[in-house]
Amino acid sequence: GFNHILFADDIFLFAKANIQDCTTPFNLFLYFCEVSSQICNATKSKLFFSWNTHSDTQCSISSLTNMPFVQDLGKYLGMPLLTKRKSTPTFQPLLDKIHTRIHAWQSKLLSQAGKLTLIISILSPLIYYQMQTIVLPWSTTSSIDRSTRDFLWGDTQTQGHVYLINWDMLTKPKVRVRLGIRDSKTTNDAFLMNQAWRIWRNLHSLLAKFLSQKHYQTTDFLQTTSHTGSHLWKALLQGRDLLQGSLRWIIRNGCNINFWTDHWIPPRPIRGLIHGLLLPHEYEFKVARMIIDTYQ
């Protein structure tokens, strides 16, 4: 486990909900204030307790630290830190931010090229941070794409316009001679696939270590079947499943590739293409066992 997280100018401290464990970090704060001639602003700090912490304990720790305890930590960088249920209202502030930007731009005389530049450089990146850690609901991504289309073609509540190009054509990559606008759902999937790849390849990263201890201590991230957990974990599993459909092994000597279960030839692992039982030792066969050296 870990007892703190640092991000920019913010710090998250974790401790057991008792007076003894909370006294130590609080005394460190007091010592820091003494040696640095600074004062910690307790009113800007928050205490958050797990649901099974007794109310008397919460009040005692709050009195010790002079910090208020809350039931909701609110938002951090535009995203709610705690969400019991992922729904469309959860992401309404994100949609409001996009609509505010579009409303400000609609009052200006912009060419089609100008609108396209604003969409690609400003409007689309507004949602990139949220997309990296959670699966946005279909209704949210659809609303984002609809707002983008309306702004591009000049469609407003009082005046409609004909969409001259199909949305699927607009969202194709620039290398295919298209405009390069990114579809929200596809972009969300791509970010989650990238996060899954980083966890799988960077086994010593803090996030990978934390998730492995919590969800897959005895197996691999690509093989785990643990589907219970936070919204972040479920989002990473969705990215993992999408990633597995695109992974391919590069065959060299074949010593590290399982002949039956690894995805080393299309369209899927060989075990899924055949029926019947295998002997226990046959499940461990490597591709190297099946390679015949024609030069011997």
# chains A, B, ... in the order shown; residues from 1 in each chain; ligands from 1
call {"tool": "select_by_dssp", "arguments": {"residues": "stretch 233-290 of chain A", "states": "alpha helix (DSSP H)", "output": "list of chain:residue names"}}
result
A:Trp233, A:Lys234, A:Ala235, A:Leu236, A:Leu237, A:Gln238, A:Gly239, A:Arg240, A:Asp241, A:Leu242, A:Leu243, A:Gln244, A:Val287, A:Ala288, A:Arg289, A:Met290
call {"tool": "closest_atom_pairs", "arguments": {"of": "stretch 88-146 of chain A", "to": "stretch 183-193 of chain A", "cutoff": "8 Å", "atoms": "only C-alpha atoms", "output": "CSV"}}
result
residue,atom,partner,partner_atom,distance
A:Tyr128,CA,A:Asn188,CA,7.9
A:Met131,CA,A:Asn188,CA,5.1
A:Gln132,CA,A:Phe191,CA,5.1
A:Thr133,CA,A:Leu192,CA,7.0
A:Ile134,CA,A:Leu192,CA,7.8
A:Val135,CA,A:Asn188,CA,6.9
A:Leu136,CA,A:Asn188,CA,7.3
A:Trp138,CA,A:Lys185,CA,7.5
A:Thr141,CA,A:Ser184,CA,5.4
A:Ser142,CA,A:Ser184,CA,7.6
A:Ile144,CA,A:Ser184,CA,7.1
A:Asp145,CA,A:Ser184,CA,6.5
call {"tool": "closest_residue", "arguments": {"among": "A:Thr65, A:Asn256, A:Gln195, A:Thr90", "to": "A:Thr24", "atoms": "only C-alpha atoms"}}
result
A:Thr65
call {"tool": "residues_around", "arguments": {"residues": "A:Ser50", "least_positions_apart": "4", "cutoff": "10 Å", "atoms": "only C-alpha atoms", "output": "list in words"}}
result
Lys16, Ala17, His54, Gln58 and Gln71 of chain A
